[in-house]
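Participant: Dropping in query39.cif, which is mmCIF, C-alpha atoms, pLDDT in the B column; chains and numbers go by the auth columns:
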data_model
loop_
_atom_site.group_PDB
_atom_site.id
_atom_site.type_symbol
_atom_site.label_atom_id
_atom_site.label_comp_id
_atom_site.label_asym_id
_atom_site.label_seq_id
_atom_site.Cartn_x
_atom_site.Cartn_y
_atom_site.Cartn_z
_atom_site.B_iso_or_equiv
_atom_site.auth_seq_id
_atom_site.auth_asym_id
ATOM 1 C CA MET A 1 15.467 23.576 75.493 90.00 100 A
ATOM 2 C CA TYR A 2 12.902 20.798 75.127 94.00 101 A
ATOM 3 C CA ARG A 3 9.882 23.146 75.103 92.00 102 A
ATOM 4 C CA LYS A 4 11.446 25.579 72.638 88.00 103 A
ATOM 5 C CA TYR A 5 13.211 23.316 70.132 92.00 104 A
ATOM 6 C CA ILE A 6 13.134 19.552 70.720 96.00 105 A
ATOM 7 C CA LYS A 7 9.365 19.217 71.164 97.00 106 A
ATOM 8 C CA ARG A 8 8.668 20.752 67.732 97.00 107 A
ATOM 9 C CA LEU A 9 11.361 18.626 66.093 97.00 108 A
ATOM 10 C CA LEU A 10 9.834 15.468 67.570 97.00 109 A
ATOM 11 C CA ASP A 11 6.388 16.568 66.380 98.00 110 A
ATOM 12 C CA ILE A 12 7.659 16.880 62.795 98.00 111 A
ATOM 13 C CA VAL A 13 9.436 13.520 62.818 97.00 112 A
ATOM 14 C CA ILE A 14 6.653 11.575 64.537 96.00 113 A
ATOM 15 C CA SER A 15 3.801 13.057 62.481 97.00 114 A
ATOM 16 C CA LEU A 16 5.675 12.557 59.200 97.00 115 A
ATOM 17 C CA VAL A 17 6.516 8.926 60.009 97.00 116 A
ATOM 18 C CA ALA A 18 2.957 8.302 61.220 97.00 117 A
ATOM 19 C CA LEU A 19 1.431 9.756 58.046 97.00 118 A
ATOM 20 C CA VAL A 20 3.617 7.505 55.888 97.00 119 A
ATOM 21 C CA VAL A 21 3.121 4.342 57.958 97.00 120 A
ATOM 22 C CA LEU A 22 -0.615 4.901 58.427 96.00 121 A
ATOM 23 C CA SER A 23 -1.293 5.997 54.835 97.00 122 A
ATOM 24 C CA PRO A 24 -3.025 2.661 53.966 97.00 123 A
ATOM 25 C CA VAL A 25 -5.242 3.017 57.057 96.00 124 A
ATOM 26 C CA LEU A 26 -6.020 6.637 56.190 97.00 125 A
ATOM 27 C CA LEU A 27 -6.934 5.622 52.637 97.00 126 A
ATOM 28 C CA VAL A 28 -9.264 2.836 53.789 97.00 127 A
ATOM 29 C CA LEU A 29 -10.908 5.115 56.352 96.00 128 A
ATOM 30 C CA ALA A 30 -11.359 7.847 53.743 96.00 129 A
ATOM 31 C CA ILE A 31 -13.101 5.392 51.397 96.00 130 A
ATOM 32 C CA LEU A 32 -15.360 4.103 54.196 96.00 131 A
ATOM 33 C CA VAL A 33 -16.263 7.621 55.302 95.00 132 A
ATOM 34 C CA ARG A 34 -17.084 8.589 51.699 94.00 133 A
ATOM 35 C CA CYS A 35 -19.280 5.508 51.221 93.00 134 A
ATOM 36 C CA LYS A 36 -21.067 5.605 54.581 91.00 135 A
ATOM 37 C CA LEU A 37 -21.262 9.314 55.374 90.00 136 A
ATOM 38 C CA GLY A 38 -20.757 11.110 52.079 87.00 137 A
ATOM 39 C CA ALA A 39 -18.576 14.041 51.059 89.00 138 A
ATOM 40 C CA PRO A 40 -16.535 15.858 52.108 92.00 139 A
ATOM 41 C CA VAL A 41 -14.514 13.112 53.782 95.00 140 A
ATOM 42 C CA ILE A 42 -12.533 15.552 55.919 95.00 141 A
ATOM 43 C CA PHE A 43 -14.337 17.808 58.373 91.00 142 A
ATOM 44 C CA HIS A 44 -12.671 21.214 58.862 94.00 143 A
ATOM 45 C CA GLN A 45 -13.379 23.496 61.790 94.00 144 A
ATOM 46 C CA GLU A 46 -11.619 26.657 62.925 96.00 145 A
ATOM 47 C CA ARG A 47 -10.006 26.386 66.351 96.00 146 A
ATOM 48 C CA PRO A 48 -7.701 28.665 68.394 96.00 147 A
ATOM 49 C CA GLY A 49 -4.116 27.426 68.515 96.00 148 A
ATOM 50 C CA TYR A 50 -0.749 28.727 69.697 96.00 149 A
ATOM 51 C CA HIS A 51 -1.236 32.238 71.129 96.00 150 A
ATOM 52 C CA GLU A 52 -4.886 31.938 70.066 96.00 151 A
ATOM 53 C CA LYS A 53 -4.016 32.038 66.357 96.00 152 A
ATOM 54 C CA ILE A 54 -6.921 30.504 64.434 97.00 153 A
ATOM 55 C CA PHE A 55 -6.268 27.401 62.325 97.00 154 A
ATOM 56 C CA LYS A 56 -8.402 24.800 60.552 97.00 155 A
ATOM 57 C CA LEU A 57 -8.581 21.514 62.448 97.00 156 A
ATOM 58 C CA CYS A 58 -8.827 18.389 60.251 96.00 157 A
ATOM 59 C CA LYS A 59 -10.873 15.327 61.210 95.00 158 A
ATOM 60 C CA PHE A 60 -12.676 12.535 59.451 96.00 159 A
ATOM 61 C CA ARG A 61 -16.351 13.399 59.393 93.00 160 A
ATOM 62 C CA THR A 62 -18.500 11.315 61.729 92.00 161 A
ATOM 63 C CA MET A 63 -21.973 12.683 60.952 90.00 162 A
ATOM 64 C CA THR A 64 -24.269 12.829 57.953 85.00 163 A
ATOM 65 C CA ASP A 65 -25.837 15.968 56.476 83.00 164 A
ATOM 66 C CA GLU A 66 -29.418 14.879 57.141 81.00 165 A
ATOM 67 C CA ARG A 67 -31.841 17.803 57.251 81.00 166 A
ATOM 68 C CA ASP A 68 -35.475 18.396 58.107 75.00 167 A
ATOM 69 C CA GLU A 69 -38.190 19.519 55.673 77.00 168 A
ATOM 70 C CA GLU A 70 -37.134 23.156 56.114 78.00 169 A
ATOM 71 C CA GLY A 71 -33.521 22.400 55.234 73.00 170 A
ATOM 72 C CA ASN A 72 -32.163 22.642 58.788 81.00 171 A
ATOM 73 C CA LEU A 73 -29.606 20.124 59.974 79.00 172 A
ATOM 74 C CA LEU A 74 -31.036 17.466 62.250 81.00 173 A
ATOM 75 C CA PRO A 75 -29.662 17.200 65.831 80.00 174 A
ATOM 76 C CA ASP A 76 -26.149 15.772 66.147 75.00 175 A
ATOM 77 C CA SER A 77 -27.510 12.730 67.994 76.00 176 A
ATOM 78 C CA VAL A 78 -29.531 11.834 64.893 78.00 177 A
ATOM 79 C CA ARG A 79 -26.772 12.517 62.357 86.00 178 A
ATOM 80 C CA LEU A 80 -24.111 10.617 64.340 88.00 179 A
ATOM 81 C CA THR A 81 -24.210 7.133 62.814 87.00 180 A
ATOM 82 C CA LYS A 82 -23.040 3.829 64.259 90.00 181 A
ATOM 83 C CA PHE A 83 -19.958 4.053 62.032 91.00 182 A
ATOM 84 C CA GLY A 84 -19.334 7.601 63.258 91.00 183 A
ATOM 85 C CA ARG A 85 -19.556 6.439 66.856 91.00 184 A
ATOM 86 C CA ILE A 86 -16.955 3.755 66.158 91.00 185 A
ATOM 87 C CA LEU A 87 -14.619 6.347 64.639 92.00 186 A
ATOM 88 C CA ARG A 88 -14.974 8.566 67.714 88.00 187 A
ATOM 89 C CA ALA A 89 -14.729 5.743 70.249 85.00 188 A
ATOM 90 C CA THR A 90 -11.492 4.468 68.654 86.00 189 A
ATOM 91 C CA SER A 91 -10.200 8.031 68.042 87.00 190 A
ATOM 92 C CA LEU A 92 -9.666 7.137 64.370 93.00 191 A
ATOM 93 C CA ASP A 93 -11.496 10.334 63.394 94.00 192 A
ATOM 94 C CA GLU A 94 -8.537 12.247 64.884 94.00 193 A
ATOM 95 C CA LEU A 95 -5.895 10.794 62.545 96.00 194 A
ATOM 96 C CA PRO A 96 -6.067 13.653 59.968 97.00 195 A
ATOM 97 C CA GLU A 97 -4.806 15.942 62.734 97.00 196 A
ATOM 98 C CA LEU A 98 -1.367 14.482 62.030 97.00 197 A
ATOM 99 C CA TRP A 99 -1.358 16.896 59.085 97.00 198 A
ATOM 100 C CA ASN A 100 -2.070 19.790 61.481 98.00 199 A
ATOM 101 C CA ILE A 101 0.876 18.634 63.585 98.00 200 A
ATOM 102 C CA LEU A 102 3.216 18.432 60.610 97.00 201 A
ATOM 103 C CA LYS A 103 2.180 21.948 59.533 96.00 202 A
ATOM 104 C CA GLY A 104 2.858 23.337 62.997 96.00 203 A
ATOM 105 C CA ASP A 105 -0.744 24.112 63.959 97.00 204 A
ATOM 106 C CA MET A 106 -0.651 21.448 66.658 98.00 205 A
ATOM 107 C CA SER A 107 1.625 19.193 68.687 97.00 206 A
ATOM 108 C CA ILE A 108 1.414 15.499 69.517 97.00 207 A
ATOM 109 C CA ILE A 109 0.929 16.399 73.199 97.00 208 A
ATOM 110 C CA GLY A 110 -0.817 19.515 74.464 97.00 209 A
ATOM 111 C CA PRO A 111 -4.191 20.932 75.560 96.00 210 A
ATOM 112 C CA ARG A 112 -6.940 19.955 73.131 94.00 211 A
ATOM 113 C CA PRO A 113 -8.009 22.772 70.756 94.00 212 A
ATOM 114 C CA LEU A 114 -11.550 23.828 71.630 91.00 213 A
ATOM 115 C CA LEU A 115 -14.141 26.054 69.952 90.00 214 A
ATOM 116 C CA ILE A 116 -13.456 29.704 69.102 92.00 215 A
ATOM 117 C CA SER A 117 -16.714 30.658 70.813 87.00 216 A
ATOM 118 C CA TYR A 118 -15.176 29.658 74.164 89.00 217 A
ATOM 119 C CA LEU A 119 -12.412 32.286 74.015 91.00 218 A
ATOM 120 C CA PRO A 120 -14.298 35.129 75.759 89.00 219 A
ATOM 121 C CA TYR A 121 -15.030 32.919 78.767 89.00 220 A
ATOM 122 C CA TYR A 122 -11.551 31.779 79.805 90.00 221 A
ATOM 123 C CA THR A 123 -9.989 33.198 82.950 90.00 222 A
ATOM 124 C CA GLU A 124 -6.506 34.719 82.664 93.00 223 A
ATOM 125 C CA GLU A 125 -5.057 31.577 84.247 95.00 224 A
ATOM 126 C CA GLU A 126 -6.883 29.331 81.804 94.00 225 A
ATOM 127 C CA ARG A 127 -5.552 31.319 78.846 95.00 226 A
ATOM 128 C CA LEU A 128 -2.152 29.831 79.636 96.00 227 A
ATOM 129 C CA ARG A 129 -3.351 26.741 77.757 96.00 228 A
ATOM 130 C CA HIS A 130 -2.772 28.728 74.557 97.00 229 A
ATOM 131 C CA THR A 131 0.896 29.473 75.329 97.00 230 A
ATOM 132 C CA VAL A 132 1.782 26.053 73.891 97.00 231 A
ATOM 133 C CA ARG A 133 0.571 24.358 70.713 97.00 232 A
ATOM 134 C CA PRO A 134 -2.700 22.423 71.149 97.00 233 A
ATOM 135 C CA GLY A 135 -2.311 18.658 71.117 97.00 234 A
ATOM 136 C CA LEU A 136 -3.672 15.515 69.546 95.00 235 A
ATOM 137 C CA THR A 137 -3.839 14.286 73.128 94.00 236 A
ATOM 138 C CA GLY A 138 -3.034 15.850 76.467 94.00 237 A
ATOM 139 C CA LEU A 139 -2.907 15.565 80.229 94.00 238 A
ATOM 140 C CA ALA A 140 -6.643 16.242 80.569 91.00 239 A
ATOM 141 C CA GLN A 141 -7.431 13.445 78.100 89.00 240 A
ATOM 142 C CA VAL A 142 -5.498 10.835 80.104 90.00 241 A
ATOM 143 C CA SER A 143 -6.934 12.216 83.354 87.00 242 A
ATOM 144 C CA GLY A 144 -10.569 11.717 82.441 74.00 243 A
ATOM 145 C CA ARG A 145 -10.896 12.772 78.817 63.00 244 A
ATOM 146 C CA ASN A 146 -14.131 14.711 78.123 60.00 245 A
ATOM 147 C CA LEU A 147 -15.802 13.353 81.257 66.00 246 A
ATOM 148 C CA LEU A 148 -13.987 15.946 83.393 73.00 247 A
ATOM 149 C CA ASP A 149 -15.955 19.069 84.199 80.00 248 A
ATOM 150 C CA TRP A 150 -14.715 22.274 82.593 85.00 249 A
ATOM 151 C CA ASP A 151 -12.945 23.726 85.632 86.00 250 A
ATOM 152 C CA LYS A 152 -10.976 20.517 86.241 89.00 251 A
ATOM 153 C CA ARG A 153 -10.129 20.155 82.565 90.00 252 A
ATOM 154 C CA PHE A 154 -8.725 23.660 82.284 92.00 253 A
ATOM 155 C CA ALA A 155 -6.873 23.341 85.583 93.00 254 A
ATOM 156 C CA THR A 156 -5.266 20.165 84.227 95.00 255 A
ATOM 157 C CA ASP A 157 -4.289 21.962 81.013 95.00 256 A
ATOM 158 C CA VAL A 158 -2.641 24.752 83.012 96.00 257 A
ATOM 159 C CA THR A 159 -0.809 22.185 85.140 96.00 258 A
ATOM 160 C CA TYR A 160 0.573 20.666 81.933 97.00 259 A
ATOM 161 C CA VAL A 161 1.741 24.034 80.579 97.00 260 A
ATOM 162 C CA LYS A 162 3.477 24.960 83.832 96.00 261 A
ATOM 163 C CA ASN A 163 5.203 21.589 84.204 95.00 262 A
ATOM 164 C CA LEU A 164 5.878 20.651 80.571 96.00 263 A
ATOM 165 C CA THR A 165 8.832 18.262 80.267 96.00 264 A
ATOM 166 C CA PHE A 166 9.956 15.478 77.948 97.00 265 A
ATOM 167 C CA ALA A 167 9.218 12.919 80.674 96.00 266 A
ATOM 168 C CA MET A 168 5.659 14.221 81.060 97.00 267 A
ATOM 169 C CA ASP A 169 5.034 14.062 77.297 97.00 268 A
ATOM 170 C CA VAL A 170 6.315 10.490 77.134 96.00 269 A
ATOM 171 C CA LYS A 171 4.055 9.499 80.041 96.00 270 A
ATOM 172 C CA ILE A 172 0.999 11.113 78.418 96.00 271 A
ATOM 173 C CA PHE A 173 1.821 9.445 75.084 94.00 272 A
ATOM 174 C CA PHE A 174 1.800 5.941 76.541 93.00 273 A
ATOM 175 C CA LEU A 175 -1.210 6.618 78.785 92.00 274 A
ATOM 176 C CA THR A 176 -3.085 7.747 75.670 90.00 275 A
ATOM 177 C CA ILE A 177 -2.332 4.466 73.918 88.00 276 A
ATOM 178 C CA LYS A 178 -3.655 2.615 76.952 85.00 277 A
ATOM 179 C CA LYS A 179 -6.830 4.730 77.067 82.00 278 A
ATOM 180 C CA VAL A 180 -7.536 4.136 73.370 77.00 279 A
ATOM 181 C CA PHE A 181 -7.107 0.367 73.554 76.00 280 A
ATOM 182 C CA VAL A 182 -8.914 -0.033 76.877 73.00 281 A
ATOM 183 C CA ARG A 183 -11.498 2.559 75.750 64.00 282 A
ATOM 184 C CA GLU A 184 -11.643 4.329 79.109 60.00 283 A
ATOM 185 C CA ASP A 185 -13.393 7.659 79.857 54.00 284 A
ATOM 186 C CA ILE A 186 -14.958 7.939 76.401 52.00 285 A
ATOM 187 C CA GLU A 187 -18.103 9.910 75.614 51.00 286 A
ATOM 188 C CA VAL A 188 -18.694 9.833 71.865 47.00 287 A
ATOM 189 C CA ASP A 189 -21.541 12.382 71.993 47.00 288 A
ATOM 190 C CA THR A 190 -19.390 15.266 73.182 47.00 289 A
ATOM 191 C CA ASN A 191 -22.238 17.758 72.905 46.00 290 A
ATOM 192 C CA GLN A 192 -23.741 16.172 76.014 46.00 291 A
ATOM 193 C CA VAL A 193 -20.526 17.019 77.875 48.00 292 A
ATOM 194 C CA GLU A 194 -19.295 20.188 76.191 51.00 293 A
ATOM 195 C CA GLY A 195 -22.313 21.924 74.764 52.00 294 A
ATOM 196 C CA ASN A 196 -23.164 24.095 77.773 70.00 295 A
ATOM 197 C CA PHE A 197 -19.708 25.563 78.473 74.00 296 A
ATOM 198 C CA ALA A 198 -20.439 29.069 77.172 68.00 297 A
ATOM 199 C CA GLU A 199 -23.775 29.178 78.996 72.00 298 A
ATOM 200 C CA ILE A 200 -22.184 28.070 82.274 74.00 299 A
ATOM 201 C CA ARG A 201 -19.403 30.655 82.089 73.00 300 A
ATOM 202 C CA LYS A 202 -21.718 33.431 80.900 70.00 301 A
ATOM 203 C CA ALA A 203 -24.070 32.792 83.809 71.00 302 A
ATOM 204 C CA ARG A 204 -21.122 32.770 86.213 68.00 303 A
ATOM 205 C CA LEU A 205 -19.844 36.110 84.875 65.00 304 A
ATOM 206 C CA GLU A 206 -23.296 37.683 85.093 63.00 305 A
ATOM 207 C CA GLU A 207 -23.653 36.475 88.683 64.00 306 A
ATOM 208 C CA ALA A 208 -20.240 37.927 89.579 53.00 307 A
ATOM 209 C CA GLN A 209 -21.191 41.265 88.013 55.00 308 A
ATOM 210 C CA LYS A 210 -24.442 41.355 90.005 59.00 309 A
ATOM 211 C CA GLU A 211 -22.515 40.715 93.223 53.00 310 A
ATOM 212 C CA GLU A 212 -20.097 43.568 92.405 50.00 311 A
ATOM 213 C CA VAL A 213 -23.038 45.926 91.859 51.00 312 A
ATOM 214 C CA ASN A 214 -24.634 44.874 95.156 51.00 313 A
ATOM 215 C CA ILE A 215 -21.350 45.503 96.973 51.00 314 A
#
Will you turn the file into structure tokens for me?
Facilitator:
Amino acid sequence: MYRKYIKRLLDIVISLVALVVLSPVLLVLAILVRCKLGAPVIFHQERPGYHEKIFKLCKFRTMTDERDEEGNLLPDSVRLTKFGRILRATSLDELPELWNILKGDMSIIGPRPLLISYLPYYTEEERLRHTVRPGLTGLAQVSGRNLLDWDKRFATDVTYVKNLTFAMDVKIFFLTIKKVFVREDIEVDTNQVEGNFAEIRKARLEEAQKEEVNI
């Protein structure tokens, strides 16, 4: 009952109220982003959602568009400004995702939506993370955020999906608030943590295939 009906109803109510109450904050942040980082203010990126349906994730941009002499974007570490780091560290860059929640692309609580390029490398068990709507925050985020290695993060996501209850969502909600204010387990340069996922899984698959051939 909760998973099928009540969770979505709560998402609509909470995201709508949050968008109204936080509208002054969103406006100020939008102006600051425009002045410090340029346009567009909102960064859109396609991510897999419920049942792996692709949607456009909304975030405040945190990097500039600085390029080299050949017109190529500079490394993320160079384009990520001090202001951008503050947005990421405080999770303020995530606030536009409230619109994704209101639309039904996401939920308040659920596994974080990751890159489309990761889809071929999930195990069947890990694909369970896409049988619920992705979340603004989730069990993995309050259990170590992006400092968890990939296997532990996905295992935590699957644990959430298999044990999803109202009580668990409430617990994750309040733990998230604590994490944000205490600023625990935060790595603002996520490429240092996440960037090698596809390479790791691809190498693992190739190694498994070699072992099968040798057998």
Participant: Between A:Pro195, A:Gly243, A:Gly148, A:Gly237, single out the one closest to Pro210 (chain A), counting only C-alpha atoms.
Facilitator: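 So, comparing all the options, the nearest one is A:Gly237.
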Participant: Given the file shown, determine the residues that the PyMOL selection byres ((chain A and resi 121-126) around 12) selects; report them as a PyMOL selection string.
Facilitator: chain A and resi 113-120+127-133+140-141+158-159+191-198
Participant: Looking at A:Asp256, A:Glu145, A:Asp175, A:Asp164, which one is nearest to Arg232 (chain A), with distances taken over all atoms listed in the file?
Facilitator: A:Asp256
Participant: Could you tell me, as a list of chain:residue names, exactly which residues end up selected when the PyMOL selection byres ((chain A and resi 239) around 9) is applied to this structure?
Facilitator: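 When the PyMOL selection byres ((chain A and resi 239) around 9) is applied to the shown file, the picked residues are A:Pro210, A:Arg211, A:Thr236, A:Gly237, A:Leu238, A:Gln240, A:Val241, A:Ser242, A:Gly243, A:Arg244, A:Asn245, A:Leu247, A:Lys251, A:Arg252, A:Phe253, A:Ala254, A:Thr255, A:Asp256, A:Tyr259.
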Participant: Can you list what the PyMOL selection byres ((chain A and resi 269-280) around 7) grabs from this structure, as number ranges by chain?
Facilitator: A: 189, 237-238, 241, 265-268, 281-283
Participant: Out of A:Ser216, A:Lys181, A:Pro233, A:Leu109, which residue has the shortest atom-to-atom distance to Asn295 (chain A) when counting all atoms listed in the file?
Facilitator: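 With all atoms listed in the file as the atom set, the closest residue is A:Ser216.
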Participant: With all atoms listed in the file as the basis for distance, which of A:Arg146, A:Lys135, A:Arg178, A:Arg300 is at the shortest distance from Tyr220 (chain A)?
Facilitator: A:Arg300
Participant: Any idea what the distance is between CA of His143 (chain A) and CA of Arg107 (chain A)?
Facilitator: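 Calculated distance between CA of His143 (chain A) and CA of Arg107 (chain A) is 23.1 Å.
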Participant: Some atoms are missing, so please complete region 217-230 of chain A with N, CA, C and O atoms and return it as a compact mmCIF listing (two decimals), in the coordinates of the input.
Facilitator:
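selection_1.txt, freshly written:
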# COMPACT_ATOMS: atom_id res chain seq x y z
N TYR A 217 -15.51 29.75 72.74
CA TYR A 217 -15.18 29.66 74.16
C TYR A 217 -14.20 30.75 74.62
O TYR A 217 -14.08 31.01 75.81
N LEU A 218 -13.49 31.36 73.67
CA LEU A 218 -12.41 32.29 74.02
C LEU A 218 -12.80 33.40 74.99
O LEU A 218 -12.04 33.71 75.90
N PRO A 219 -13.97 34.03 74.84
CA PRO A 219 -14.30 35.13 75.76
C PRO A 219 -14.51 34.69 77.21
O PRO A 219 -14.57 35.54 78.11
N TYR A 220 -14.63 33.39 77.45
CA TYR A 220 -15.03 32.92 78.77
C TYR A 220 -13.90 32.28 79.58
O TYR A 220 -14.14 31.81 80.68
N TYR A 221 -12.69 32.30 79.04
CA TYR A 221 -11.55 31.78 79.81
C TYR A 221 -11.11 32.80 80.85
O TYR A 221 -11.17 34.01 80.62
N THR A 222 -10.64 32.31 81.98
CA THR A 222 -9.99 33.20 82.95
C THR A 222 -8.56 33.45 82.47
O THR A 222 -8.07 32.77 81.55
N GLU A 223 -7.89 34.42 83.06
CA GLU A 223 -6.51 34.72 82.66
C GLU A 223 -5.61 33.50 82.88
O GLU A 223 -4.73 33.21 82.08
N GLU A 224 -5.85 32.78 83.96
CA GLU A 224 -5.06 31.58 84.25
C GLU A 224 -5.31 30.51 83.18
O GLU A 224 -4.37 29.87 82.69
N GLU A 225 -6.54 30.35 82.80
CA GLU A 225 -6.88 29.33 81.80
C GLU A 225 -6.33 29.65 80.42
O GLU A 225 -6.08 28.75 79.62
N ARG A 226 -6.11 30.93 80.14
CA ARG A 226 -5.55 31.32 78.85
C ARG A 226 -4.11 30.83 78.66
O ARG A 226 -3.59 30.82 77.54
N LEU A 227 -3.50 30.39 79.74
CA LEU A 227 -2.15 29.83 79.64
C LEU A 227 -2.13 28.59 78.74
O LEU A 227 -1.09 28.22 78.20
N ARG A 228 -3.28 27.93 78.60
CA ARG A 228 -3.35 26.74 77.76
C ARG A 228 -2.99 27.06 76.30
O ARG A 228 -2.65 26.17 75.53
N HIS A 229 -3.09 28.33 75.92
CA HIS A 229 -2.77 28.73 74.56
C HIS A 229 -1.33 29.23 74.40
O HIS A 229 -0.97 29.76 73.35
N THR A 230 -0.52 29.08 75.44
CA THR A 230 0.90 29.47 75.33
C THR A 230 1.76 28.31 74.84
O THR A 230 2.98 28.44 74.76
